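Everything below concerns the one structure shown next.
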Amino acid sequence: MQQWREVKARHPDALIFFRVGDFYELFNEDAVEGSKLLGLTLTSRNNGSSKAPLAGIPVHALENYLRRLVGFGKRVAICDQVEDPALAKGLVRRAVTEMVTPGAVFSDALLDSRRNNYLAAVAGDAAGEGDVGLALADLTTGELTVRRVDWDELPDVLGIHQPAELLLPRTWELFPLPGAGKATLTYRGDWLFDPRGAAEELTRHFRVANLAGYGFESGDQWLAAACGALVSYLGEVQPAGFAGLRPPRVERPGTAMVLDEMTRRNLELVETLRGTGADGTLLKVLDEPCTPMGSRLLRRWLLAPLLKPDHVQARLDAVGELFDDDGMRRAVRDALGGVKDLERLAVKVGAGRATPREMLALSASLSRVPPLMEALAPARASMVAVLRDGLEAMDDVRGAIEAAVDPEAPVSLGDGGVIRAGHHADLDELRSIRDGAVDWIARLQATERERTGIGSLKVGFNRVFGYYLEVTRLQSDRVPADYHRKQTLANAERYYTAELKEWEEKVLGAEERIGSLEQRLFAELRETVAREVPRIQRVADHVAVVDVLAALAEVAVVRDFVRPVVDGGFALEIRGGRHPVVETMMPREDFIPNDVKLDEAARVMILTGPNMAGKSTTLRQVGLIVLLAQVGSFVPARAAHVGVVDRIFTRVGASDNLVRGQSTFMVEMNETAAILHGATPRSLVLLDEIGRGTSTWDGLSVATATTEHLHDQVGAKTIFATHYHELTRLDERLAGVVNFSVAVREVGEDIVFLRRLVPGGADRSYGVEVARLAGLPESVVDRARQILQELEEQSAAQARGGAPDPTLQLGLFDGGGLPHPAVERLRQIDPNAVTPMQALVLLADLVKQAKG
C-alpha cells in the first residue's frame with residue numbers, strides 16, 4: 001500500500017489502476033468511485049489495523065473499462081510492474097507507465113476513427129475581454145494548431161472542434177468557461193500559462209531558437225502561452241507518447257468561416273437536431289472518403305468553409321478535374337482503398353506503441369502510394385498536381401518493414417513469430433534449435449510407448465511444470481526405473497526423464513532467447529521507422545486531401561451535383577436547388593427543386609406559405625448550398641452563383657430552455673439578437689418564424705422591426721419564412737424586399753403542397769387543413785373552421801371601417817356552435833304570460849338544466 005500511496009500523492013485527480021498479478025486493483029476512495037462507475041464488486045483487504053476498500057478488473061479487460069471511464073471524463077493512471085519479479089528483492093517495484101485522459105488516448109478502442117480527438121488549452125485575460133490564445137492538439141494524429149480567438153467567438157470555435165478535454169489555468173476554476181460543453185476540464189497552475197515560460201517550453205521541445213519560423217508574431221503571447229501549456233501537460237501525462245507531435249501551425253482569422261452553434265445545429269452539418277448521430281446529416285451524404293484520415297479531414301472542411309474566392313476556386317478546380325475524368329477518379333479511389341490510418345499509425349510508431357500488425361498495416365498502406373501517384377499522373381489542376389508531386393513512394397521504410405516482419409505476424413509481440421525467417425542469422429539458429437528439440441519431444445511419445453509397452457502414455461506441457469510423461473494410475477506399476485515422479489493427479493502420475501529434462505531446457509532456453517531477440521529486433525525496426533515519421537505524416541496529409549477531393553467528385557457524379565460559380569460579388573442565385581440530405585431520403589424525381597435569387601436590388605425575401613409546404617426545407621437548402629460552395633464542393637442544383645459570405649446565420653425552430661429558465665420566446669429573441677449584432681452586409685441570414693412564441697401583435701411587431709433592421713442597417717442577404725402575412729406589405733416601402741410563397745393547390749376540401757416557390761405572398765396559412773392532416777378529431781377541426789370564419793368576417797368588417805362588436809365573445813366550448821337546450825327554452829317563454837310563482841319555478845328549472 002505504500003507504493004499505492006506514493007503514486008496517489010503524485011496523481012490525486014486520477015483513478016490508480018494498480019497491477020497485482022493478473023488484475024488491476026483499485027484501492028480506497030478509487031475503489032469506491034470505480035465500483036459505482038463500472039459496476040464492480042466492492043470488497044476490502046486488511047491494511048494494518050483497518051480494512052481498505054478494494055475493487056479489481058482482469059488485465060485483459062482493461063480497454064473495455066478504460067473506454068467507459070474516458071466516456072465519463074475520468075483520468076486513469078496505469079501503474080504496472082517495472083521490474084522482473086524473479087529478480088526483485090522484496091516487493092516488485094511499480095510505476096505509472098501511462099496516463100489516460102479524455103484528451104490523451106492512443107487505444108483504437110477508445111477512439112472514433114472518423115473524427116479527431118482534441119485536447120485544447122486556453123490562455124488569456126480571465127476578465128473575459130479581448131482575445132485569447134487557443135491551442136488544439138490531436139495526440140493520435142500529431143496535429144497541433146494555435147489561433148487567436150475573440151472571447152465572444154470562443155464558444156463557437158470550441159463547439160466546432162468539440163475537444164474531449166480542456167486545459168485551463170487554476171484560477172479559472174472560479175468562473176465557467178463558455179462553450180466548454182461536455183469537455184473534461186483540467187486545471188493546472190497559472191505559471192504553466194506564463195507566456196515567456198511557455199515559449200521557452202516550445203523552443204526546447206521542438207529544438208528551435210525561436211518561434212518565428214512557425215509563424216508566431218510579437219503580439220502572440222497568448223498563443224504561445226496556450227500552446228506551451230498544452231505541450232507541457234502532454235509531457236506530464238504522455239511523456240513517451242507525443243514524439244509524433246508536429247510543430248505548431250498558426251491559423252490566422254479571415255481564412256475560414258466561424259459557424260455558430262445555431263447554424264451547425266439547424267443545418268444539421270455533422271449531427272442531427274435530435275442528436276442521434278450522423279444519419280440524416282450533410283456529413284453522412286458526403287462521407288465517401290476511402291480512408292479514416294480523409295473522413296476526419298472532410299469533417300473539418302465542412303465545419304470551416306473558406307472565405308477567400310481564390311482558395312475556393314483551387315478546390316473546385318481539383319474536384320472538377322476528378323469529376324470530369326472518370327478514369328482518374330476511379331484509379332485514385334482504387335489506390336486509396338488499401339490505405340489504412342497513416343496518421344495514427346505514424347504517431348504510434350513514433351511513440352513506440354506500434355504492434356507487429358500495425359507495422360504491417362503501415363507497410364501495406366505505403367505500398368498504395370506508388371499506384372496513387374500513377375493514378376494522379378494526368379492531373380493538370382494545380383492543387384492536384386501539387387499534391388501528387390508531394391507524395392513519395394517511401395520504398396526505404398516499406399522495404400525495412402517487409403524485410404523484418406513476418407507477413408503472418410501475430411497481434412502481440414509477446415506471442416512470438418514476429419520477425420521474418422532469414423532476417424537475422426542468430427534468430428534463425430535459435431529457432432532451428434528450438435524446432436529440433438520440439439520435434440524430438442513430439443517423437444518421444446511414440447518412442448516411449450514402444451519402449452514401455454504403455455499404450456496410454458502421453459507427452460504433455462504446461463507453464464508451471466514444463467514437459468512431462470503422463471501415465472494412468474492403473475499403468476503406474478509398469479513405468480521404467482529411469483522415470484522420476486513430477487506430479488501426482490487424481491487418476492494419473494506425471495514423470496520426467498533426464499533426457500526429457502535436457503531437451504526441455506533446450507526448448508525453453510531457446511524460446512526465452514528467441515523472445516528476447518525478437519523484441520530487440522522489433523524495437524530497432526520501430527526506432528528506424530520512427531525517424532521517418534515526419535515524412536510519413538507529410539504523405540498522410542497529401543493522401544487525406546486527395547481522398548476528400550476524390551470523394552467530393554464521386555458524390556457530385558452519383559448525386560448529380562454541379563460546379564458553382566464562386567466569386568467576391570454580392571449576388572446569390574440558385575437555379576433548381578435541392579436539399580442534399582432530404583433528396584437522399586426520397587426518390588430523386590419526387591424532390592421539387594426551386595430557384596432563389598438575392599442581389600442588391602432584392603436582398604430580403606419574405607417567404608410565406610402553409611406549414612408542411614417546404615419553407616424550412618428551402619431555407620436550409622439555401623444555407624447548405626452556400627456552405628458547400630465555399631467548402632469547395634459541387635452543389636445540388638442545375639446552376640449556382642455564390643458571392644462569398646462571411647457568416648451564415650440561421651434561426652430555425654425554437655424550444656424552451658428550462659435549465660436556463662428561458663421560454664420559447666426568450667430563446668428566439670436571444671438567437672435573433674445574436675444575428676442582428678453579428679451579421680454584416682456580406683452575411684447570409686436565414687430566419688424562420690420569428691415572434692411566434694408570444695402574442696400575435698407583439699410577435700408581428702418584433703418580426704417587422706427585425707426585417708427593417710436587416711434591410712436598412714445590416715444589408716445582409718436574408719430569407720425570412722413567416723406566417724405573418726402582414727410582412728408581405730413591406731415591399732411597398734422597403735426597396736430591397738421581395739415576396740415569395742410556396743404554392744398550394746386546393747382540391748375540394750383537400751390541399752396539395754406543390755413545394756414550388758412562386759412570386760408574391762400567400763393569402764392563406766391553411767392551418768386548419770394541416771391540423772386535419774395531422775389527425776385532430778373531426779369535431780375539433782369543424783369547430784376550428786367555424787372560429788376561423790368568424791375571425792375572418794370580423795377582420796373584413798374592420799377593414800371596411802366598421803368597429804368590432806365589443807360584446808363578441810367566441811365560445812370555445814359551446815358544443816361546436818349548437819344552441820343549448822336552456823337557451824332554446826328561454827326563447828320560447830313569454831314573460832308577460834308568466835306569474836311570479838311560475839317564474840320562480842321556471843328559473844329553478846333553467847338553472848338545473850344549465851348545470852346539465
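Residues in the C-alpha cells are named by chain (A, B, ... in the order shown) and by number from 1 within that chain; ligands are numbered from 1 in the order shown.
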Env of Glu200 (chain A): 10 Å cut, atoms = only C-alpha atoms, seq-sep filter 2 positions within chain, self excluded. Answer as a PDB file with N, CA, C and O atoms, in the first residue's frame.
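Okay, around.pdb is ready:
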ATOM      1  N   PRO A 195       3.368  33.363 -20.595  1.00  0.00           N
ATOM      2  CA  PRO A 195       3.804  33.413 -21.997  1.00  0.00           C
ATOM      3  C   PRO A 195       5.293  33.168 -22.188  1.00  0.00           C
ATOM      4  O   PRO A 195       5.684  32.433 -23.104  1.00  0.00           O
ATOM      5  N   ARG A 196       6.143  33.764 -21.332  1.00  0.00           N
ATOM      6  CA  ARG A 196       7.580  33.592 -21.526  1.00  0.00           C
ATOM      7  C   ARG A 196       8.007  32.152 -21.246  1.00  0.00           C
ATOM      8  O   ARG A 196       8.725  31.535 -22.033  1.00  0.00           O
ATOM      9  N   GLY A 197       7.557  31.606 -20.131  1.00  0.00           N
ATOM     10  CA  GLY A 197       7.919  30.222 -19.816  1.00  0.00           C
ATOM     11  C   GLY A 197       7.362  29.240 -20.836  1.00  0.00           C
ATOM     12  O   GLY A 197       8.024  28.257 -21.190  1.00  0.00           O
ATOM     13  N   ALA A 198       6.141  29.499 -21.312  1.00  0.00           N
ATOM     14  CA  ALA A 198       5.532  28.606 -22.302  1.00  0.00           C
ATOM     15  C   ALA A 198       6.308  28.643 -23.610  1.00  0.00           C
ATOM     16  O   ALA A 198       6.507  27.606 -24.259  1.00  0.00           O
ATOM     17  N   LEU A 202       8.225  25.522 -25.640  1.00  0.00           N
ATOM     18  CA  LEU A 202       8.050  25.176 -27.047  1.00  0.00           C
ATOM     19  C   LEU A 202       9.394  25.113 -27.771  1.00  0.00           C
ATOM     20  O   LEU A 202       9.643  24.179 -28.547  1.00  0.00           O
ATOM     21  N   THR A 203      10.261  26.100 -27.558  1.00  0.00           N
ATOM     22  CA  THR A 203      11.562  26.088 -28.243  1.00  0.00           C
ATOM     23  C   THR A 203      12.391  24.905 -27.790  1.00  0.00           C
ATOM     24  O   THR A 203      13.127  24.313 -28.590  1.00  0.00           O
ATOM     25  N   ARG A 204      12.268  24.541 -26.510  1.00  0.00           N
ATOM     26  CA  ARG A 204      13.028  23.388 -26.008  1.00  0.00           C
ATOM     27  C   ARG A 204      12.506  22.087 -26.601  1.00  0.00           C
ATOM     28  O   ARG A 204      13.279  21.230 -27.035  1.00  0.00           O
ATOM     29  N   HIS A 205      11.182  21.950 -26.634  1.00  0.00           N
ATOM     30  CA  HIS A 205      10.619  20.693 -27.131  1.00  0.00           C
ATOM     31  C   HIS A 205      10.887  20.495 -28.617  1.00  0.00           C
ATOM     32  O   HIS A 205      11.232  19.388 -29.052  1.00  0.00           O
ATOM     33  N   VAL A 208      14.263  24.508 -31.413  1.00  0.00           N
ATOM     34  CA  VAL A 208      14.458  25.669 -32.284  1.00  0.00           C
ATOM     35  C   VAL A 208      14.896  26.846 -31.426  1.00  0.00           C
ATOM     36  O   VAL A 208      14.710  26.867 -30.204  1.00  0.00           O
ATOM     37  N   ALA A 209      15.496  27.842 -32.078  1.00  0.00           N
ATOM     38  CA  ALA A 209      15.981  29.015 -31.352  1.00  0.00           C
ATOM     39  C   ALA A 209      14.833  29.941 -30.973  1.00  0.00           C
ATOM     40  O   ALA A 209      14.862  30.578 -29.915  1.00  0.00           O
ATOM     41  N   ASN A 210      13.824  30.045 -31.827  1.00  0.00           N
ATOM     42  CA  ASN A 210      12.670  30.895 -31.531  1.00  0.00           C
ATOM     43  C   ASN A 210      11.466  30.371 -32.316  1.00  0.00           C
ATOM     44  O   ASN A 210      11.587  29.411 -33.094  1.00  0.00           O
ATOM     45  N   LEU A 211      10.314  31.014 -32.112  1.00  0.00           N
ATOM     46  CA  LEU A 211       9.068  30.533 -32.701  1.00  0.00           C
ATOM     47  C   LEU A 211       8.682  31.248 -33.985  1.00  0.00           C
ATOM     48  O   LEU A 211       7.633  30.967 -34.563  1.00  0.00           O
ATOM     49  N   ALA A 224       1.310  31.600 -27.680  1.00  0.00           N
ATOM     50  CA  ALA A 224       2.442  30.845 -27.159  1.00  0.00           C
ATOM     51  C   ALA A 224       2.118  30.265 -25.787  1.00  0.00           C
ATOM     52  O   ALA A 224       2.513  29.135 -25.464  1.00  0.00           O
ATOM     53  N   ALA A 225       1.392  31.034 -24.963  1.00  0.00           N
ATOM     54  CA  ALA A 225       1.051  30.564 -23.624  1.00  0.00           C
ATOM     55  C   ALA A 225       0.183  29.312 -23.681  1.00  0.00           C
ATOM     56  O   ALA A 225       0.432  28.321 -22.982  1.00  0.00           O
ATOM     57  N   GLY A 228       2.314  26.364 -25.303  1.00  0.00           N
ATOM     58  CA  GLY A 228       3.342  25.862 -24.399  1.00  0.00           C
ATOM     59  C   GLY A 228       2.760  25.095 -23.231  1.00  0.00           C
ATOM     60  O   GLY A 228       3.297  24.059 -22.813  1.00  0.00           O
TER      61      GLY A 228
END
Extract the full set of strand (DSSP E) residues from region 23-168 of chain A according to DSSP on the backbone, and format it as a PyMOL selection string. chain A and resi 23-27+43-47+50-58+76-81+94-100+119-124+131-138+143-150+165-168
Per DSSP on the backbone, what are the alpha helix (DSSP H) residues of region 280-448 of chain A, as an NGL selection string? :A and (282-286 or 292-302 or 309-324 or 326-336 or 342-350 or 356-366 or 369-375 or 382-390 or 395-404 or 425-448)
Go through A:Ala613, A:Val319, A:Met257, A:Ile536 and flag the residue nearest Asp396 (chain A), using only C-alpha atoms for the distances. A:Ile536
Env of Gly515 (chain A): 9 Å cut, atoms = only C-alpha atoms, seq-sep filter 5 positions within chain, self excluded. Answer as a PyMOL selection string. chain A and resi 413-417+510+520
CA of Thr650 (chain A) to CA of Leu684 (chain A): how many Å, to one decimal?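 If I compute the distance from CA of Thr650 (chain A) to CA of Leu684 (chain A), I get 8.4 Å.
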All residues 8 Å or closer to Arg333 (chain A), only C-alpha atoms, same chain fewer than 3 positions away omitted, as number ranges by chain: A: 290, 329-330, 336-337, 547, 550
Near region 436-451 of chain A, counting only C-alpha atoms, which residues have an atom at most 12 Å away, once you skip same-chain residues fewer than 3 positions from it, shown as a PyMOL selection string? chain A and resi 429-433+454-461+466-471+475+478-480+482-483+496-497+499-511
Phe23 (chain A): which residues within 9 Å, counting only C-alpha atoms, same-chain residues fewer than 5 positions away excluded, as a list of chain:residue names? A:Phe18, A:Gly56, A:Ile57, A:Pro58, A:Val59, A:His60
Please write the residues from the selection above to a file, keeping N, CA and C atoms, as a PDB file, in the first residue's frame.
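As a result, result.pdb now contains:
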ATOM      1  N   PHE A  18      -3.810  -0.312 -10.320  1.00  0.00           N
ATOM      2  CA  PHE A  18      -2.562  -0.830  -9.729  1.00  0.00           C
ATOM      3  C   PHE A  18      -2.426  -2.308 -10.077  1.00  0.00           C
ATOM      4  N   GLY A  56     -11.450  -4.692  -8.369  1.00  0.00           N
ATOM      5  CA  GLY A  56     -10.460  -5.040  -9.383  1.00  0.00           C
ATOM      6  C   GLY A  56     -11.078  -5.477 -10.688  1.00  0.00           C
ATOM      7  N   ILE A  57     -10.242  -5.458 -11.743  1.00  0.00           N
ATOM      8  CA  ILE A  57     -10.651  -5.924 -13.068  1.00  0.00           C
ATOM      9  C   ILE A  57      -9.534  -6.799 -13.629  1.00  0.00           C
ATOM     10  N   PRO A  58      -9.849  -7.772 -14.484  1.00  0.00           N
ATOM     11  CA  PRO A  58      -8.789  -8.565 -15.126  1.00  0.00           C
ATOM     12  C   PRO A  58      -7.957  -7.698 -16.065  1.00  0.00           C
ATOM     13  N   VAL A  59      -6.676  -8.033 -16.167  1.00  0.00           N
ATOM     14  CA  VAL A  59      -5.777  -7.267 -17.028  1.00  0.00           C
ATOM     15  C   VAL A  59      -6.275  -7.249 -18.465  1.00  0.00           C
ATOM     16  N   HIS A  60      -6.775  -8.390 -18.949  1.00  0.00           N
ATOM     17  CA  HIS A  60      -7.181  -8.478 -20.355  1.00  0.00           C
ATOM     18  C   HIS A  60      -8.417  -7.629 -20.649  1.00  0.00           C
TER      19      HIS A  60
END
A:Gln487, A:Thr291, A:Ser683, A:Gln2: which is nearest Val546 (chain A), counting only C-alpha atoms?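 Checking each of A:Gln487, A:Thr291, A:Ser683, A:Gln2 against Val546 (chain A), counting only C-alpha atoms, the winner is A:Thr291.
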